[in-house]
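Chemist: Quick one, query.txt (compact mmCIF, C-alpha atoms and all ligand atoms):
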```txt
# COMPACT_ATOMS: atom_id res chain seq x y z
CA MET A 296 90.01 -85.69 139.40
CA THR A 297 91.61 -82.51 140.75
CA SER A 298 90.20 -79.24 139.50
CA PRO A 299 92.34 -77.15 137.15
CA THR A 300 94.49 -74.52 138.84
CA HIS A 301 95.46 -71.39 137.03
CA THR A 302 96.29 -67.73 137.33
CA ARG A 303 94.16 -65.27 135.39
CA ILE A 304 95.72 -62.05 134.04
CA THR A 305 93.31 -59.68 132.34
CA VAL A 306 94.57 -57.61 129.43
CA GLU A 307 92.59 -54.37 129.27
CA ASP A 308 92.41 -51.94 126.36
CA SER A 309 92.23 -48.30 127.39
CA GLY A 310 91.30 -47.55 123.77
CA GLY A 311 87.91 -49.11 124.39
CA GLY A 312 88.45 -52.51 122.79
CA PRO A 313 87.38 -55.65 124.59
CA SER A 314 89.54 -57.04 127.38
CA TYR A 315 90.61 -60.68 127.43
CA ASP A 316 92.18 -63.09 129.86
CA VAL A 317 95.51 -64.89 129.83
CA LEU A 318 95.30 -68.10 131.85
CA VAL A 319 98.52 -69.67 133.14
CA GLY A 320 98.46 -73.12 134.66
CA HIS A 321 97.75 -76.74 133.83
CA ARG A 322 95.01 -78.65 131.99
CA LEU A 323 93.67 -75.53 130.33
CA LEU A 324 92.45 -76.94 127.02
CA GLY A 325 89.07 -77.58 128.63
CA GLU A 326 88.62 -73.79 128.61
CA LEU A 327 88.63 -73.66 124.81
CA PRO A 328 84.91 -74.24 124.08
CA GLU A 329 83.83 -71.43 126.41
CA LEU A 330 86.29 -69.06 124.71
CA ILE A 331 85.21 -70.17 121.24
CA GLY A 332 81.64 -69.46 122.18
CA PRO A 333 78.29 -70.80 121.01
CA GLN A 334 78.08 -68.68 117.85
CA ALA A 335 80.91 -70.59 116.14
CA LYS A 336 80.12 -73.55 113.92
CA ARG A 337 83.64 -74.09 112.55
CA VAL A 338 87.05 -73.96 114.20
CA ALA A 339 90.48 -74.08 112.50
CA VAL A 340 93.40 -75.26 114.62
CA LEU A 341 96.68 -73.88 113.22
CA HIS A 342 99.74 -75.72 114.53
CA PRO A 343 103.38 -76.25 113.50
CA GLU A 344 104.69 -79.52 112.13
CA ALA A 345 106.40 -80.21 115.48
CA LEU A 346 103.01 -80.24 117.21
CA ALA A 347 101.12 -82.40 114.68
CA GLU A 348 99.86 -84.74 117.38
CA THR A 349 98.73 -81.92 119.68
CA GLY A 350 96.99 -80.25 116.74
CA GLN A 351 95.03 -83.43 116.03
CA VAL A 352 94.13 -83.93 119.70
CA VAL A 353 92.78 -80.38 119.92
CA ARG A 354 90.86 -80.84 116.65
CA GLU A 355 89.33 -84.12 117.83
CA ASP A 356 88.33 -82.60 121.19
CA LEU A 357 86.58 -79.77 119.40
CA GLU A 358 84.82 -82.22 117.04
CA ALA A 359 83.64 -84.08 120.13
CA GLN A 360 82.22 -80.77 121.42
CA GLY A 361 80.14 -80.46 118.26
CA TYR A 362 82.26 -78.06 116.19
CA GLU A 363 83.24 -78.71 112.58
CA ALA A 364 87.01 -78.60 113.26
CA ILE A 365 89.93 -78.64 110.85
CA ALA A 366 93.64 -78.80 111.62
CA VAL A 367 95.94 -76.71 109.44
CA GLN A 368 99.60 -77.69 109.68
CA LEU A 369 102.17 -74.92 109.25
CA PRO A 370 105.95 -75.23 108.81
CA ASN A 371 107.98 -74.95 111.99
CA ALA A 372 109.35 -71.63 113.23
CA GLU A 373 109.95 -68.63 110.91
CA GLU A 374 109.26 -70.64 107.76
CA ALA A 375 105.60 -70.22 108.68
CA LYS A 376 105.76 -66.43 108.67
CA THR A 377 105.33 -65.95 104.91
CA VAL A 378 102.56 -64.64 102.72
CA GLU A 379 102.45 -68.04 100.98
CA VAL A 380 101.69 -69.83 104.24
CA ALA A 381 99.07 -67.21 105.13
CA ALA A 382 97.48 -67.71 101.69
CA TYR A 383 97.45 -71.48 102.26
CA CYS A 384 95.54 -70.90 105.51
CA TRP A 385 93.03 -68.56 103.86
CA LYS A 386 92.46 -71.21 101.20
CA ALA A 387 91.70 -73.78 103.91
CA LEU A 388 89.26 -71.36 105.57
CA GLY A 389 87.57 -70.62 102.25
CA GLN A 390 87.22 -74.28 101.38
CA THR A 391 85.72 -75.00 104.81
CA GLY A 392 83.24 -72.12 104.45
CA PHE A 393 84.52 -70.06 107.38
CA THR A 394 82.14 -67.22 108.30
CA ARG A 395 82.52 -64.24 110.62
CA GLY A 396 81.09 -66.33 113.45
CA ASP A 397 83.82 -68.96 113.20
CA VAL A 398 87.06 -69.09 115.17
CA LEU A 399 90.80 -69.77 114.67
CA VAL A 400 92.98 -71.34 117.33
CA GLY A 401 96.77 -70.94 117.09
CA VAL A 402 98.59 -73.70 118.97
CA GLY A 403 102.38 -73.30 118.95
CA GLY A 404 105.27 -70.92 119.46
CA GLY A 405 105.40 -67.25 118.63
CA ALA A 406 105.81 -67.88 114.91
CA THR A 407 102.59 -69.92 114.81
CA THR A 408 100.54 -67.51 116.89
CA ASP A 409 101.84 -64.54 114.84
CA VAL A 410 100.57 -66.22 111.66
CA ALA A 411 97.32 -67.46 113.21
CA GLY A 412 96.51 -63.97 114.47
CA PHE A 413 97.40 -62.42 111.12
CA VAL A 414 95.29 -64.92 109.18
CA ALA A 415 92.40 -64.19 111.57
CA ALA A 416 92.91 -60.41 111.29
CA CYS A 417 92.56 -60.51 107.50
CA TRP A 418 89.95 -63.22 106.99
CA LEU A 419 86.61 -61.49 106.30
CA ARG A 420 88.40 -58.38 107.72
CA GLY A 421 88.71 -59.91 111.15
CA VAL A 422 87.46 -63.01 112.93
CA ARG A 423 87.87 -64.17 116.51
CA TRP A 424 91.04 -66.08 117.41
CA ILE A 425 92.46 -67.76 120.46
CA ALA A 426 96.14 -68.26 121.27
CA VAL A 427 97.45 -71.45 122.86
CA PRO A 428 101.17 -70.64 123.18
CA THR A 429 103.43 -73.65 123.69
CA THR A 430 106.82 -71.93 124.12
CA VAL A 431 108.11 -69.66 126.89
CA LEU A 432 108.42 -66.86 124.37
CA GLY A 433 104.91 -67.39 123.08
CA MET A 434 103.45 -67.33 126.59
CA VAL A 435 105.29 -64.28 127.92
CA ASP A 436 105.21 -62.17 124.80
CA ALA A 437 104.00 -63.25 121.35
CA ALA A 438 100.52 -64.47 122.25
CA VAL A 439 99.70 -61.42 124.36
CA GLY A 440 99.02 -57.94 123.04
CA GLY A 441 97.57 -58.45 119.58
CA LYS A 442 100.64 -57.84 117.39
CA THR A 443 100.30 -60.32 114.53
CA GLY A 444 102.26 -60.59 111.31
CA ILE A 445 104.59 -62.14 108.79
CA ASN A 446 108.05 -61.39 107.35
CA THR A 447 108.90 -60.18 103.86
CA ALA A 448 112.20 -60.50 101.98
CA GLU A 449 113.11 -57.02 103.21
CA GLY A 450 112.69 -57.73 106.89
CA LYS A 451 110.99 -59.10 109.94
CA ASN A 452 107.29 -58.56 110.73
CA LEU A 453 106.96 -55.94 108.00
CA VAL A 454 103.36 -56.92 107.23
CA GLY A 455 100.86 -57.37 110.00
CA ALA A 456 97.90 -56.11 111.98
CA PHE A 457 96.93 -55.32 115.55
CA HIS A 458 94.30 -57.95 116.28
CA PRO A 459 94.10 -59.09 119.91
CA PRO A 460 93.03 -62.64 120.68
CA ALA A 461 89.81 -63.45 122.50
CA GLY A 462 91.81 -65.35 125.09
CA VAL A 463 95.22 -66.91 125.75
CA LEU A 464 95.75 -70.33 127.33
CA CYS A 465 99.27 -70.94 128.67
CA ASP A 466 99.41 -74.60 129.62
CA LEU A 467 102.76 -74.99 131.35
CA ALA A 468 102.85 -78.73 130.58
CA ALA A 469 103.49 -77.83 126.92
CA LEU A 470 106.94 -76.54 127.87
CA GLU A 471 108.16 -80.01 128.80
CA SER A 472 108.63 -81.06 125.16
CA LEU A 473 110.45 -77.87 124.21
CA SER A 474 114.14 -78.15 123.35
CA ALA A 475 116.55 -76.62 125.88
CA HIS A 476 117.61 -74.15 123.18
CA ASP A 477 114.06 -72.94 122.61
CA TYR A 478 113.32 -72.79 126.32
CA VAL A 479 116.33 -70.55 126.95
CA SER A 480 115.63 -68.45 123.87
CA GLY A 481 112.28 -67.52 125.42
CA LEU A 482 114.06 -66.35 128.56
CA ALA A 483 115.45 -63.42 126.56
CA GLU A 484 111.99 -61.81 126.48
CA VAL A 485 111.56 -62.62 130.19
CA ILE A 486 114.86 -60.83 130.90
CA LYS A 487 113.70 -57.96 128.67
CA ALA A 488 110.62 -57.58 130.88
CA GLY A 489 113.00 -57.51 133.86
CA PHE A 490 115.15 -54.71 132.48
CA ILE A 491 112.33 -52.50 131.19
CA ALA A 492 109.85 -52.87 134.03
CA ASP A 493 110.21 -55.59 136.67
CA PRO A 494 113.75 -56.03 138.10
CA ALA A 495 112.47 -58.76 140.47
CA ILE A 496 112.57 -61.01 137.38
CA LEU A 497 116.33 -60.43 137.12
CA GLU A 498 116.82 -61.22 140.81
CA VAL A 499 114.93 -64.52 140.49
CA ILE A 500 117.07 -65.58 137.53
CA GLU A 501 120.34 -64.40 139.06
CA LYS A 502 119.60 -66.28 142.28
CA ASP A 503 119.48 -69.62 140.46
CA PRO A 504 120.05 -69.43 136.68
CA GLU A 505 120.09 -73.20 136.29
CA ALA A 506 116.61 -73.49 137.82
CA ALA A 507 115.35 -70.67 135.60
CA CYS A 508 116.26 -72.75 132.57
CA ARG A 509 114.05 -75.72 133.48
CA PRO A 510 110.32 -76.08 132.77
CA ASP A 511 109.97 -78.01 136.04
CA GLY A 512 112.01 -75.43 137.96
CA PRO A 513 110.59 -73.72 141.03
CA TYR A 514 110.35 -70.29 139.36
CA THR A 515 108.80 -71.18 136.01
CA ALA A 516 105.28 -69.99 136.77
CA GLU A 517 106.50 -66.89 138.61
CA LEU A 518 108.79 -65.81 135.77
CA ILE A 519 106.11 -66.39 133.16
CA GLU A 520 103.39 -64.63 135.11
CA ARG A 521 105.57 -61.64 136.00
CA SER A 522 106.52 -61.20 132.34
CA ILE A 523 102.91 -61.47 131.17
CA ARG A 524 101.91 -58.82 133.72
CA VAL A 525 104.55 -56.45 132.30
CA LYS A 526 103.29 -57.02 128.77
CA ALA A 527 99.61 -56.77 129.77
CA ASP A 528 100.23 -53.51 131.59
CA VAL A 529 102.07 -51.93 128.66
CA VAL A 530 99.69 -52.98 125.87
CA ALA A 531 96.64 -52.02 127.94
CA GLY A 532 97.63 -48.37 127.62
CA ASP A 533 98.86 -48.38 124.03
CA LEU A 534 97.59 -51.25 121.89
CA ARG A 535 98.62 -49.64 118.61
CA GLU A 536 102.11 -48.60 119.65
CA SER A 537 101.68 -44.88 119.40
CA GLY A 538 103.95 -44.35 122.40
CA ARG A 539 104.79 -46.39 125.48
CA ARG A 540 104.38 -49.77 123.78
CA GLU A 541 107.67 -49.11 122.00
CA ILE A 542 109.49 -50.09 125.21
CA LEU A 543 108.60 -53.73 124.45
CA ASN A 544 110.91 -53.35 121.46
CA TYR A 545 113.95 -53.05 123.73
CA GLY A 546 116.82 -54.84 121.95
CA HIS A 547 114.72 -55.52 118.87
CA THR A 548 116.13 -52.95 116.42
CA LEU A 549 119.38 -54.85 116.09
CA ALA A 550 117.76 -58.24 116.84
CA HIS A 551 115.49 -58.15 113.80
CA ALA A 552 118.45 -57.20 111.59
CA ILE A 553 120.46 -60.13 112.97
CA GLU A 554 117.57 -62.54 112.37
CA ARG A 555 117.25 -61.43 108.76
CA ASN A 556 121.02 -61.57 108.26
CA GLU A 557 121.02 -65.14 109.58
CA ARG A 558 118.11 -66.07 107.28
CA TYR A 559 116.09 -66.77 110.42
CA ASN A 560 118.34 -69.62 111.50
CA TRP A 561 118.83 -67.78 114.78
CA ARG A 562 115.90 -67.88 117.18
CA HIS A 563 114.26 -64.54 117.89
CA GLY A 564 115.16 -64.74 121.59
CA ALA A 565 118.85 -65.31 120.88
CA ALA A 566 118.93 -62.26 118.61
CA VAL A 567 117.05 -60.19 121.22
CA ALA A 568 119.72 -61.13 123.78
CA VAL A 569 122.48 -59.63 121.61
CA GLY A 570 120.20 -56.72 120.72
CA MET A 571 119.68 -55.86 124.39
CA VAL A 572 123.42 -55.80 125.08
CA PHE A 573 123.79 -53.48 122.08
CA ALA A 574 120.96 -51.21 123.33
CA ALA A 575 122.42 -51.17 126.85
CA GLU A 576 125.83 -50.17 125.48
CA LEU A 577 124.21 -47.50 123.31
CA GLY A 578 122.52 -46.08 126.40
CA ARG A 579 125.77 -46.21 128.35
CA ILE A 580 127.79 -44.55 125.57
CA ALA A 581 125.10 -41.87 125.27
CA GLY A 582 125.67 -41.12 128.97
CA ARG A 583 122.25 -42.36 130.03
CA LEU A 584 122.92 -45.77 131.60
CA ASP A 585 125.38 -46.61 134.36
CA ASP A 586 128.20 -49.09 133.70
CA ALA A 587 126.95 -51.66 136.21
CA THR A 588 123.48 -51.98 134.69
CA ALA A 589 124.95 -52.27 131.19
CA GLN A 590 127.29 -55.01 132.42
CA ARG A 591 124.40 -56.73 134.22
CA HIS A 592 122.85 -57.42 130.80
CA ARG A 593 125.84 -59.57 129.86
CA SER A 594 125.98 -61.40 133.15
CA VAL A 595 122.32 -62.39 133.39
CA LEU A 596 122.03 -63.33 129.71
CA GLN A 597 125.23 -65.40 129.82
CA ALA A 598 124.12 -67.06 133.05
CA VAL A 599 121.24 -68.72 131.19
CA GLY A 600 123.34 -69.45 128.11
CA LEU A 601 122.15 -66.70 125.77
CA PRO A 602 124.55 -65.06 123.29
CA VAL A 603 125.88 -61.56 123.91
CA THR A 604 128.04 -61.12 120.79
CA TYR A 605 127.59 -61.29 117.03
CA ARG A 606 130.07 -61.54 114.17
CA GLY A 607 131.74 -58.19 113.71
CA ASP A 608 132.02 -58.10 109.92
CA GLN A 609 128.29 -57.63 109.23
CA TRP A 610 127.73 -54.09 110.53
CA PRO A 611 127.01 -52.32 107.19
CA LYS A 612 124.31 -54.88 106.36
CA LEU A 613 122.79 -54.71 109.84
CA LEU A 614 122.71 -50.92 109.70
CA GLU A 615 120.93 -51.00 106.35
CA THR A 616 118.27 -53.43 107.62
CA MET A 617 117.76 -51.42 110.82
CA LYS A 618 116.61 -48.48 108.68
CA VAL A 619 113.30 -50.24 107.94
CA ASP A 620 112.63 -50.87 111.61
CA LYS A 621 109.08 -49.80 112.49
CA LYS A 622 110.33 -47.29 115.02
CA SER A 623 112.24 -45.35 112.32
CA ARG A 624 110.75 -42.09 111.10
CA GLY A 625 112.01 -40.90 107.74
CA ASP A 626 115.80 -41.26 107.88
CA LEU A 627 115.81 -41.12 111.68
CA LEU A 628 116.80 -44.29 113.51
CA ARG A 629 115.14 -44.63 116.92
CA PHE A 630 116.20 -47.03 119.68
CA ILE A 631 114.78 -47.98 123.03
CA VAL A 632 117.48 -47.49 125.66
CA LEU A 633 117.50 -47.41 129.45
CA ASP A 634 118.00 -44.29 131.55
CA GLY A 635 118.39 -46.72 134.45
CA LEU A 636 116.95 -50.03 135.58
CA ALA A 637 113.25 -50.17 134.64
CA ARG A 638 113.49 -46.68 133.11
CA PRO A 639 113.11 -47.24 129.35
CA ALA A 640 113.23 -44.26 127.01
CA VAL A 641 113.70 -43.43 123.34
CA LEU A 642 117.06 -42.43 121.85
CA GLU A 643 116.49 -40.66 118.54
CA GLY A 644 119.02 -40.35 115.73
CA PRO A 645 122.16 -41.37 117.60
CA ASP A 646 125.42 -40.22 116.10
CA PRO A 647 126.88 -42.88 113.71
CA ALA A 648 130.05 -42.92 115.85
CA MET A 649 127.96 -43.83 118.87
CA LEU A 650 126.33 -46.70 116.98
CA LEU A 651 129.72 -47.92 115.87
CA ALA A 652 131.06 -47.79 119.42
CA ALA A 653 128.07 -49.78 120.72
CA HIS A 654 128.57 -52.26 117.91
CA ALA A 655 132.22 -52.70 118.90
CA GLU A 656 130.97 -53.87 122.33
CA ILE A 657 129.00 -56.78 120.82
CA ALA A 658 131.31 -57.62 117.90
CA ALA A 659 132.77 -61.09 118.21
N1 LIG B 701 103.52 -60.85 118.32
C1 LIG B 701 104.37 -60.51 119.27
O1 LIG B 701 104.12 -59.62 120.09
C2 LIG B 701 105.67 -61.24 119.37
C3 LIG B 701 106.43 -61.12 120.53
C4 LIG B 701 107.63 -61.82 120.61
C5 LIG B 701 108.03 -62.65 119.57
N2 LIG B 701 107.23 -62.77 118.48
C6 LIG B 701 107.61 -63.70 117.40
O2 LIG B 701 107.64 -65.02 117.93
C7 LIG B 701 108.52 -65.81 117.12
C8 LIG B 701 109.42 -66.64 118.00
O3 LIG B 701 108.63 -67.49 118.77
P1 LIG B 701 109.24 -68.77 119.52
O4 LIG B 701 110.49 -68.40 120.17
O5 LIG B 701 108.12 -69.33 120.29
O6 LIG B 701 109.67 -69.71 118.32
P2 LIG B 701 108.88 -70.61 117.28
O7 LIG B 701 107.45 -70.32 117.22
O8 LIG B 701 109.66 -70.48 116.03
O9 LIG B 701 109.05 -72.06 117.91
C9 LIG B 701 110.33 -72.63 118.02
C10 LIG B 701 110.30 -74.11 117.60
O10 LIG B 701 109.67 -74.88 118.61
C11 LIG B 701 108.64 -75.69 118.07
N3 LIG B 701 107.69 -75.85 119.17
C12 LIG B 701 106.76 -74.98 119.60
N4 LIG B 701 106.20 -75.43 120.72
C13 LIG B 701 106.78 -76.59 121.03
C14 LIG B 701 106.64 -77.52 122.09
N5 LIG B 701 105.82 -77.30 123.10
N6 LIG B 701 107.40 -78.63 122.07
C15 LIG B 701 108.29 -78.85 121.06
N7 LIG B 701 108.48 -78.01 120.04
C16 LIG B 701 107.73 -76.89 120.02
C17 LIG B 701 108.18 -74.92 116.86
O11 LIG B 701 107.52 -75.72 115.94
C18 LIG B 701 109.51 -74.36 116.33
O12 LIG B 701 110.16 -75.33 115.56
C19 LIG B 701 109.27 -64.85 116.24
O13 LIG B 701 108.75 -64.90 114.94
C20 LIG B 701 109.00 -63.51 116.86
O14 LIG B 701 109.06 -62.46 115.93
C21 LIG B 701 106.08 -62.09 118.36
O1 LIG B 702 104.54 -56.47 121.62
C1 LIG B 702 105.35 -55.61 121.25
O2 LIG B 702 105.03 -54.45 121.03
C2 LIG B 702 106.76 -55.98 121.05
O3 LIG B 702 107.54 -55.20 120.52
C3 LIG B 702 107.18 -57.33 121.53
C4 LIG B 702 108.37 -57.91 120.81
O4 LIG B 702 108.98 -58.83 121.71
C5 LIG B 702 108.02 -58.71 119.56
O5 LIG B 702 109.14 -59.36 119.08
C6 LIG B 702 107.31 -57.95 118.46
O6 LIG B 702 106.84 -58.83 117.49
C7 LIG B 702 108.21 -56.98 117.76
O7 LIG B 702 107.39 -56.14 117.07
P1 LIG B 702 107.81 -55.32 115.78
O8 LIG B 702 106.68 -54.38 115.62
O9 LIG B 702 109.11 -54.66 116.09
O10 LIG B 702 107.93 -56.26 114.65
ZN ZN B 703 110.42 -60.01 120.69
```
Any chance you could put this one into structure tokens?
Ligand SMILES: NC(=O)c1ccc[n+]([C@@H]2O[C@H](COP(=O)([O-])OP(=O)(O)OC[C@H]3O[C@@H](n4cnc5c(N)ncnc54)[C@H](O)[C@@H]3O)[C@@H](O)[C@H]2O)c1
Ligand SMILES: O=C(O)C(=O)C[C@@H](O)[C@H](O)[C@H](O)COP(=O)(O)O
Ligand SMILES: [Zn+2]
Modeler:
Amino acid sequence: MTSPTHTRITVEDSGGGPSYDVLVGHRLLGELPELIGPQAKRVAVLHPEALAETGQVVREDLEAQGYEAIAVQLPNAEEAKTVEVAAYCWKALGQTGFTRGDVLVGVGGGATTDVAGFVAACWLRGVRWIAVPTTVLGMVDAAVGGKTGINTAEGKNLVGAFHPPAGVLCDLAALESLSAHDYVSGLAEVIKAGFIADPAILEVIEKDPEAACRPDGPYTAELIERSIRVKADVVAGDLRESGRREILNYGHTLAHAIERNERYNWRHGAAVAVGMVFAAELGRIAGRLDDATAQRHRSVLQAVGLPVTYRGDQWPKLLETMKVDKKSRGDLLRFIVLDGLARPAVLEGPDPAMLLAAHAEIAA
């Protein structure tokens, strides 16, 4: 048997919280018991319907290691990010007698790990949890950094907690069963990392967009690892988003409004793609971003098949939803824009005419 190969990226917390590792590679599930630790008696494996078999395999492995393990099946995708689903999980933990020494494992995409982390953050006011992301988006973004949460009728991620995992296992083999649509959707957050901090990501994708869209492509590990490093670096300095962490929200102000408007039938990554074009245009119209870099957003996103436009008749509704974005302060809308490639900054209270002009650039 060959030994497991993986890359280890440590996520620090300059605020004094514990650091943890993100492992990227193959055959990583064997690392779970060490992460769970000897103090745990019970483990709950939260997984989406689509990964029912994986959830059972992980549960059985943990049983074989001596833990009392339960599998808790969640709905797929955003349907899991509700208070009702969280309550269902807490009920399962209560009925199993989960104590503060016990551990949750979230196996799935970003929606699953967001819920798993949130359930763990609230149960007994905070228990240990481990993320096993199975989508590109989960690996490069959702599972790293400790943002956990659920949606409410009024908007996306409006209820949540900062509760970092004890470890993150990114087993690249999981990506092989992902639909092409979900794979590409995750690339939006990879491209985001490229624009806000690591332009080499953009060069890798632009060199061979077709290869970037394949789990067995030559750049998969590099793109995932580079993006995780961007996220790890940002959250290390600002876990609770009191400043620099806001740059990770590039494209998200409009994206979250689109997702809500589409009743979450659009994937998060697809909405972020449109949101980034909007933010780039806003920066350009505000005189902060050059034309070529704004246009580069469209070309790289389109090269991998991500959308860059959205129906033009929805603007009043989108504007209304954007007001409850977490970056807003009072009546002031705040956007992350670029002052140049890898130079993210905040644009506060843009003129309504400017917003309208940026919207015209993405309106289909
Ligand atoms: N917490 C954060 O910092 C953060 C960061 C980025 C995104 N997010 C959140 O992540 C969510 C999006 O995550 P996503 O894009 O991973 O989507 P997702 O979790 O909705 O997963 C997409 C679909 O793929 C299925 N799936 C997952 N893994 C699979 C696999 N290996 N094979 C086959 N099917 C699989 C899921 O069941 C789901 O149906 C959004 O809710 C977004 O808000 C959170
Ligand atoms: O980790 C962060 O910080 C991010 O903003 C990453 C985003 O990609 C992610 O979608 C996050 O969930 C958005 O956070 P929100 O606070 O705007 O809901
Ligand atoms: Zn995101």
Chemist: For Gly404 of chain A, find every residue with an atom within 9 Å (counting all atoms listed in the file), except residues of its own chain fewer than 3 positions away, and show them as a count of residues only.
Modeler: 18
Chemist: With all atoms listed in the file counted, collect every polymer residue having an atom within 6 Å of ligand LIG 702 (chain B); state the result as a ChimeraX atom specification.
Modeler: /A:436,440,442,452,540,543-544
Chemist: For Lys622 of chain A, which residue out of A:Phe393, A:Trp418, A:Tyr545, A:Phe413 is the nearest one, using all atoms listed in the file?
Modeler: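 For Lys622 of chain A, the nearest of the given residues is A:Tyr545.
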Chemist: In Å to one decimal, how far is atom CA of Arg509 of chain A from atom CA of Glu471 of chain A?
Modeler: 8.7 Å
Chemist: Just the residues within 12 Å of Leu357 of chain A, please, counting all atoms listed in the file, with nothing from its chain fewer than 3 positions along; format it as an NGL selection string.
Modeler: :A and (324-332 or 335-340 or 350-354 or 360-366 or 398-400)
Chemist: Could you give me, as a ChimeraX atom specification, the residues within 12 Å of Lys526 of chain A, counting only C-alpha atoms and dropping anything in the same chain fewer than 4 positions from it?
Modeler: /A:304-307,317,432-442,484-485,487-489,491-493,519-522,530-534,539-544
Chemist: Between A:Arg395, A:His476, A:Arg629, A:Arg583, which is the closest to ligand LIG 701 (chain B) once you count only C-alpha atoms and all ligand atoms?
Modeler: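 Residue with the minimum atom-to-atom distance to ligand LIG 701 (chain B): A:His476.
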Chemist: So which residues touch segment 585-589 of chain A within 9 Å, counting all atoms listed in the file, skipping near sequence neighbours fewer than 3 positions away, as a CSV table (one decimal) with C-alpha atoms, in the coordinates of the input?
Modeler:
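Listing of selection.csv after writing:
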```csv
chain,number,residue,atom,x,y,z
A,572,VAL,CA,123.4,-55.8,125.1
A,574,ALA,CA,121.0,-51.2,123.3
A,575,ALA,CA,122.4,-51.2,126.8
A,576,GLU,CA,125.8,-50.2,125.5
A,578,GLY,CA,122.5,-46.1,126.4
A,579,ARG,CA,125.8,-46.2,128.4
A,582,GLY,CA,125.7,-41.1,129.0
A,592,HIS,CA,122.8,-57.4,130.8
A,593,ARG,CA,125.8,-59.6,129.9
A,634,ASP,CA,118.0,-44.3,131.6
A,635,GLY,CA,118.4,-46.7,134.4
A,636,LEU,CA,117.0,-50.0,135.6
```
